Structures are given as structure tokens and as C-alpha cells.
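To start, the structure under review is shown below, and the notes come after it.
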Amino acid sequence: MPRYVGLSASSLLNVASLAETKGGLFKIMVISSNISNICMDVDMDINVNMKDVCRYLGYSPDVEPSPRIASLLGEYIETARSLIRPAYSYIIKDIKAIVGSRAFIEGPVIFESEAIARLLERCEKVAVFILTVGGRLDETVRWLADSEQIIEAYVLDAIGSSVAEGLANSVEGRIQEAARAQGLCISRRFCPGYCDWDISQQEMVFSTINIEYTGVFLTDEYLMLPEKSMSGIIGIGSCDSDIESYSPCATCDKRGCPGRR
Ligand code: SF4
């Protein structure tokens, strides 16, 4: 069973490093005065969904990977397990007001997007999250590519993407548990770059969370490092509303939109 350790924010980083050093058997949780919290987890199960990996590799659902790719997948899934250092942080904040396409969040944080404003006007709170599978997998993908092992790099990169997706599902599950404890439901995940939510709003997401806890940083182009990281929001509100199934795409008639889901 993982150990839970309550810490002051100032001591968290040191113990997080210790947890990694000792084999990652700690869970670290800092609870603040309201339902907002910051969590870091270094011992999450690492699940690899083969269907997702094959999709990231470009296979359609009804096509089996070639024997060579299947063999590489087996080999590199084991490699990935030794490289991945999952970490995440999330915080749940009150939504203060929605004005047009701007959502004003406790903080102060302002999310600017018509699609996000229409989601959050249905919600009472919003969970902001950042997660990563760590930088070692990125480094190994780059090393494989530099060594001209292009297929191997491609396979490991696809596995990393699948693990990041699985980690996002796990974090979403934990946010759902926190919401249910308040008698509330959650929306699906939305990330900067979706629809009209400009990627530059990553800055606003990152300003909400103390990124030192996750080890994820933004480049000047608003890309995350390590690359296998994800940031975004999940709306939280009444289960009597339509937030669980809400998608702006359902009522949008923009044809051929690559962001449709
Ligand atoms: S279809 Fe495209 S433009 Fe329309 S809501 Fe979805 S992402 Fe936005």
C-alpha cells in the first residue's frame, strides 16, 4: 500500500526527490483549507493500452501491427516502464463569473474562450490539472532518433503518448472522486488549443498550479516540457446539468474541423 505523507508546501519538493530515490513508494498530498488540493503521485500504475499505442502509430482499429512492430512493442513497453516517472498536480477552484467569452476563476484567473465559457457557465467549480510521464522517456526517444533507430523511437514515443493518456484518465478519476464527495459531477477534459481556447492560455493554466511539484515547464511557444505532459481543465457542477456529456462540437456546424470530437 502506498504511504500518504502530509507536508507543508515548502518541504514537498525535498520529500518528492526522496520518494524517487527510494523507488517511488510514497504518495504525497498537500491539502489546503478548502476543497482545493495539490497532489503529487510517484507510484501510479503504468498502464499501456495497446489499441491506443497502435492508433498513435497510425494503425486503423481493424489492422494488426506487423510481427516486427509487435515485437518492438513488447520490448519497448518494458523499456517504457523503467523510464516513466508519473507526476500530476491539480487544484479545484471556484468559478466567480462568466462574462461573454471570459470565465473569471478564483485566483484571479481568466480563461478566454467561447467554448470554455459555455462549459463553465454550467459549472460551479473547475479543476485545473497538469500531469507528466517525466522526461526520461523523451530523452530516450531523442537518443533513439539520433542513433537512427527511427522505428524504435516512433514506437517508444507512441507508448509514451498512450501512458500519458492513461495517466490523464487516472487523474480525471481522482478529480471525479473529489467532485462526488461534494455531491457534484464532472465534465470531460478540455485543454488549451482546443477549439477557440488559444494555446497561449497555457500561461493561465500554469499560473494556477505550482509547477515545481510536477517538473513540467512551458516553452516560449507554450509547448510543455517534458513533451509527454498534459494540462487542462475539468468542469465541476450539478449532476442535474448536462456537464457530463457537454461538448460544444455537438451543436457546432463547422465542417471538416480537425478539433471535432
Ligand atoms: S467542431 Fe471545431 S469549431 Fe466547432 S466546437 Fe468543435 S472544435 Fe470548436
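Residue numbering restarts at 1 for every chain of the C-alpha cells, chains are lettered A, B, ... in their displayed order, and ligands are numbered from 1 as they appear.
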Neighbours of ligand 1 at 9 Å or closer, counting only C-alpha atoms and all ligand atoms: which residues, as a list in words?
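The distance check yields Ala115, Tyr194, Cys195, Asp196, Trp197, Ser247, Pro248, Cys249, Ala250, Thr251, Cys252, Asp253, Lys254, Arg255, Gly256, Cys257, Pro258, Gly259, Arg260 and Arg261 of chain A.
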Go ahead and dump the residues you just picked, N, CA and C atoms, as a PDB file, in the first residue's frame.
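The result, stored in selection31.pdb:
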ATOM      1  N   ALA A 115     -15.905  28.552 -26.214  1.00  0.00           N
ATOM      2  CA  ALA A 115     -16.226  27.152 -25.897  1.00  0.00           C
ATOM      3  C   ALA A 115     -16.062  26.876 -24.401  1.00  0.00           C
ATOM      4  N   TYR A 194      -7.725  23.593 -27.690  1.00  0.00           N
ATOM      5  CA  TYR A 194      -8.997  23.040 -28.165  1.00  0.00           C
ATOM      6  C   TYR A 194      -9.889  24.175 -28.653  1.00  0.00           C
ATOM      7  N   CYS A 195     -10.459  23.986 -29.829  1.00  0.00           N
ATOM      8  CA  CYS A 195     -11.426  24.923 -30.400  1.00  0.00           C
ATOM      9  C   CYS A 195     -10.847  26.346 -30.380  1.00  0.00           C
ATOM     10  N   ASP A 196     -11.553  27.312 -29.767  1.00  0.00           N
ATOM     11  CA  ASP A 196     -11.055  28.695 -29.770  1.00  0.00           C
ATOM     12  C   ASP A 196     -10.270  29.026 -28.500  1.00  0.00           C
ATOM     13  N   TRP A 197      -9.910  27.984 -27.711  1.00  0.00           N
ATOM     14  CA  TRP A 197      -9.114  28.246 -26.498  1.00  0.00           C
ATOM     15  C   TRP A 197      -7.648  28.293 -26.908  1.00  0.00           C
ATOM     16  N   SER A 247     -20.496  18.924 -24.939  1.00  0.00           N
ATOM     17  CA  SER A 247     -19.432  19.172 -25.906  1.00  0.00           C
ATOM     18  C   SER A 247     -19.902  20.256 -26.858  1.00  0.00           C
ATOM     19  N   PRO A 248     -19.149  21.327 -26.983  1.00  0.00           N
ATOM     20  CA  PRO A 248     -19.551  22.387 -27.920  1.00  0.00           C
ATOM     21  C   PRO A 248     -19.658  21.869 -29.349  1.00  0.00           C
ATOM     22  N   CYS A 249     -18.917  20.789 -29.653  1.00  0.00           N
ATOM     23  CA  CYS A 249     -18.918  20.258 -31.019  1.00  0.00           C
ATOM     24  C   CYS A 249     -20.289  19.678 -31.405  1.00  0.00           C
ATOM     25  N   ALA A 250     -21.053  19.248 -30.397  1.00  0.00           N
ATOM     26  CA  ALA A 250     -22.332  18.587 -30.689  1.00  0.00           C
ATOM     27  C   ALA A 250     -23.297  19.513 -31.425  1.00  0.00           C
ATOM     28  N   THR A 251     -23.186  20.801 -31.168  1.00  0.00           N
ATOM     29  CA  THR A 251     -24.111  21.749 -31.789  1.00  0.00           C
ATOM     30  C   THR A 251     -23.402  22.697 -32.760  1.00  0.00           C
ATOM     31  N   CYS A 252     -22.156  22.374 -33.090  1.00  0.00           N
ATOM     32  CA  CYS A 252     -21.381  23.240 -33.986  1.00  0.00           C
ATOM     33  C   CYS A 252     -21.462  22.694 -35.411  1.00  0.00           C
ATOM     34  N   ASP A 253     -21.698  23.565 -36.380  1.00  0.00           N
ATOM     35  CA  ASP A 253     -21.840  23.082 -37.757  1.00  0.00           C
ATOM     36  C   ASP A 253     -20.591  23.363 -38.608  1.00  0.00           C
ATOM     37  N   LYS A 254     -19.470  23.629 -37.942  1.00  0.00           N
ATOM     38  CA  LYS A 254     -18.235  23.868 -38.698  1.00  0.00           C
ATOM     39  C   LYS A 254     -17.782  22.564 -39.346  1.00  0.00           C
ATOM     40  N   ARG A 255     -17.814  22.526 -40.660  1.00  0.00           N
ATOM     41  CA  ARG A 255     -17.474  21.292 -41.381  1.00  0.00           C
ATOM     42  C   ARG A 255     -15.968  21.095 -41.456  1.00  0.00           C
ATOM     43  N   GLY A 256     -15.579  19.836 -41.336  1.00  0.00           N
ATOM     44  CA  GLY A 256     -14.161  19.484 -41.515  1.00  0.00           C
ATOM     45  C   GLY A 256     -13.254  19.988 -40.421  1.00  0.00           C
ATOM     46  N   CYS A 257     -13.822  20.365 -39.256  1.00  0.00           N
ATOM     47  CA  CYS A 257     -12.974  20.896 -38.184  1.00  0.00           C
ATOM     48  C   CYS A 257     -12.097  19.766 -37.629  1.00  0.00           C
ATOM     49  N   PRO A 258     -10.765  19.948 -37.627  1.00  0.00           N
ATOM     50  CA  PRO A 258      -9.893  18.885 -37.123  1.00  0.00           C
ATOM     51  C   PRO A 258     -10.018  18.686 -35.611  1.00  0.00           C
ATOM     52  N   GLY A 259     -10.586  19.666 -34.908  1.00  0.00           N
ATOM     53  CA  GLY A 259     -10.715  19.555 -33.455  1.00  0.00           C
ATOM     54  C   GLY A 259     -12.015  18.893 -33.022  1.00  0.00           C
ATOM     55  N   ARG A 260     -12.872  18.544 -33.971  1.00  0.00           N
ATOM     56  CA  ARG A 260     -14.188  17.966 -33.603  1.00  0.00           C
ATOM     57  C   ARG A 260     -13.996  16.660 -32.848  1.00  0.00           C
ATOM     58  N   ARG A 261     -14.806  16.495 -31.768  1.00  0.00           N
ATOM     59  CA  ARG A 261     -14.748  15.231 -31.028  1.00  0.00           C
ATOM     60  C   ARG A 261     -16.122  14.925 -30.456  1.00  0.00           C
TER      61      ARG A 261
END
Can you pull out the residues contacting Gly134 (chain A)? Cut-off 12 Å, using only C-alpha atoms, and skip same-chain residues under 5 positions away; I want them as a PyMOL selection string.
chain A and resi 20+41-42+80-88+139-140+160-161+163-164+167+213-217+224-230
According to DSSP computed on the backbone, where in region 138-240 of chain A is there helix (DSSP H, G or I)? Give the residues as a short mmCIF file (atom, residue, chain, number, x, y, z; two decimals) with C-alpha atoms, in the first residue's frame.
data_model
loop_
_atom_site.label_atom_id
_atom_site.label_comp_id
_atom_site.auth_asym_id
_atom_site.auth_seq_id
_atom_site.Cartn_x
_atom_site.Cartn_y
_atom_site.Cartn_z
CA ASP A 138 11.59 11.96 -24.04
CA GLU A 139 15.35 11.71 -23.67
CA THR A 140 15.38 8.07 -24.77
CA VAL A 141 13.15 8.80 -27.79
CA ARG A 142 15.59 11.54 -28.82
CA TRP A 143 18.58 9.26 -28.28
CA LEU A 144 16.99 6.52 -30.43
CA ALA A 145 16.22 9.04 -33.18
CA ASP A 146 19.74 10.49 -33.03
CA ILE A 150 13.76 5.74 -36.13
CA ILE A 151 11.15 2.97 -35.87
CA GLU A 152 12.19 2.23 -32.29
CA ALA A 153 11.91 5.95 -31.46
CA TYR A 154 8.48 6.07 -33.08
CA VAL A 155 7.27 3.03 -31.11
CA LEU A 156 8.54 4.34 -27.75
CA ASP A 157 7.03 7.77 -28.48
CA ALA A 158 3.62 6.14 -29.18
CA ILE A 159 3.85 4.14 -25.94
CA GLY A 160 4.62 7.37 -24.06
CA SER A 161 1.56 9.05 -25.57
CA SER A 162 -0.62 6.13 -24.51
CA VAL A 163 0.74 6.22 -20.96
CA ALA A 164 0.12 9.99 -20.75
CA GLU A 165 -3.48 9.39 -21.86
CA GLY A 166 -3.86 6.65 -19.23
CA LEU A 167 -2.42 8.95 -16.58
CA ALA A 168 -4.89 11.66 -17.63
CA ASN A 169 -7.74 9.16 -17.21
CA SER A 170 -6.45 8.30 -13.72
CA VAL A 171 -6.20 11.96 -12.71
CA GLU A 172 -9.69 12.57 -14.11
CA GLY A 173 -10.90 9.66 -11.95
CA ARG A 174 -9.40 11.25 -8.84
CA ILE A 175 -10.98 14.60 -9.66
CA GLN A 176 -14.27 12.76 -10.16
CA GLU A 177 -13.90 11.20 -6.69
CA ALA A 178 -13.28 14.65 -5.19
CA ALA A 179 -16.35 16.02 -7.01
CA ARG A 180 -18.56 13.11 -5.94
CA ALA A 181 -17.55 13.70 -2.33
CA ILE A 199 -2.68 27.70 -26.76
CA SER A 200 -1.23 30.86 -25.16
CA GLN A 201 -3.75 30.30 -22.34
CA GLN A 202 -1.36 27.62 -21.13
CA GLU A 203 0.18 30.51 -19.19
CA MET A 204 -3.06 30.99 -17.28
CA VAL A 205 -3.32 27.25 -16.55
CA PHE A 206 0.29 27.13 -15.37
CA SER A 207 -0.19 30.25 -13.21
CA THR A 208 -2.83 28.32 -11.27
CA ILE A 211 4.63 23.76 -11.50
CA GLU A 212 7.67 22.91 -9.40
CA TYR A 213 5.67 20.00 -7.99
#
Strand (DSSP E) call set, DSSP backbone run, region 144-199 of chain A, as a list of chain:residue names:
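After running DSSP on the backbone, region 144-199 of chain A has strand (DSSP E) at A:Cys185, A:Ile186, A:Ser187, A:Arg188, A:Arg189, A:Phe190.
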Quick one: pull the distance between CA of Gly193 (chain A) and CA of Asn49 (chain A), Å, one decimal.
24.6 Å
May I have the residues within 12 Å of Leu119 (chain A) as a PyMOL selection string, using only C-alpha atoms and disregarding those fewer than 2 positions away in the same chain?
chain A and resi 95+98+101-103+111-117+121-126+186-190+197+233-237+241-249
Report the distance between CA of Gly135 (chain A) and CA of Leu73 (chain A) in Å, rounded to one decimal place.
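Answer for the CA of Gly135 (chain A) to CA of Leu73 (chain A) separation: 20.0 Å.
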Smallest atom-to-atom distance to Asp198 (chain A): which of A:Cys54, A:Gly232, A:Ala70, A:Leu137, using only C-alpha atoms?
A:Gly232
Mind pulling up the distance from CA of Ile209 (chain A) to CA of Ile110 (chain A)?
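Separation of CA of Ile110 (chain A) and CA of Ile209 (chain A): 14.0 Å.
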Under the rule that only C-alpha atoms are counted, which of A:Ser238, A:Ser231, A:Thr219, A:Ser147 is the nearest residue to Ala127 (chain A)?
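With only C-alpha atoms as the atom set, the closest residue is A:Ser231.
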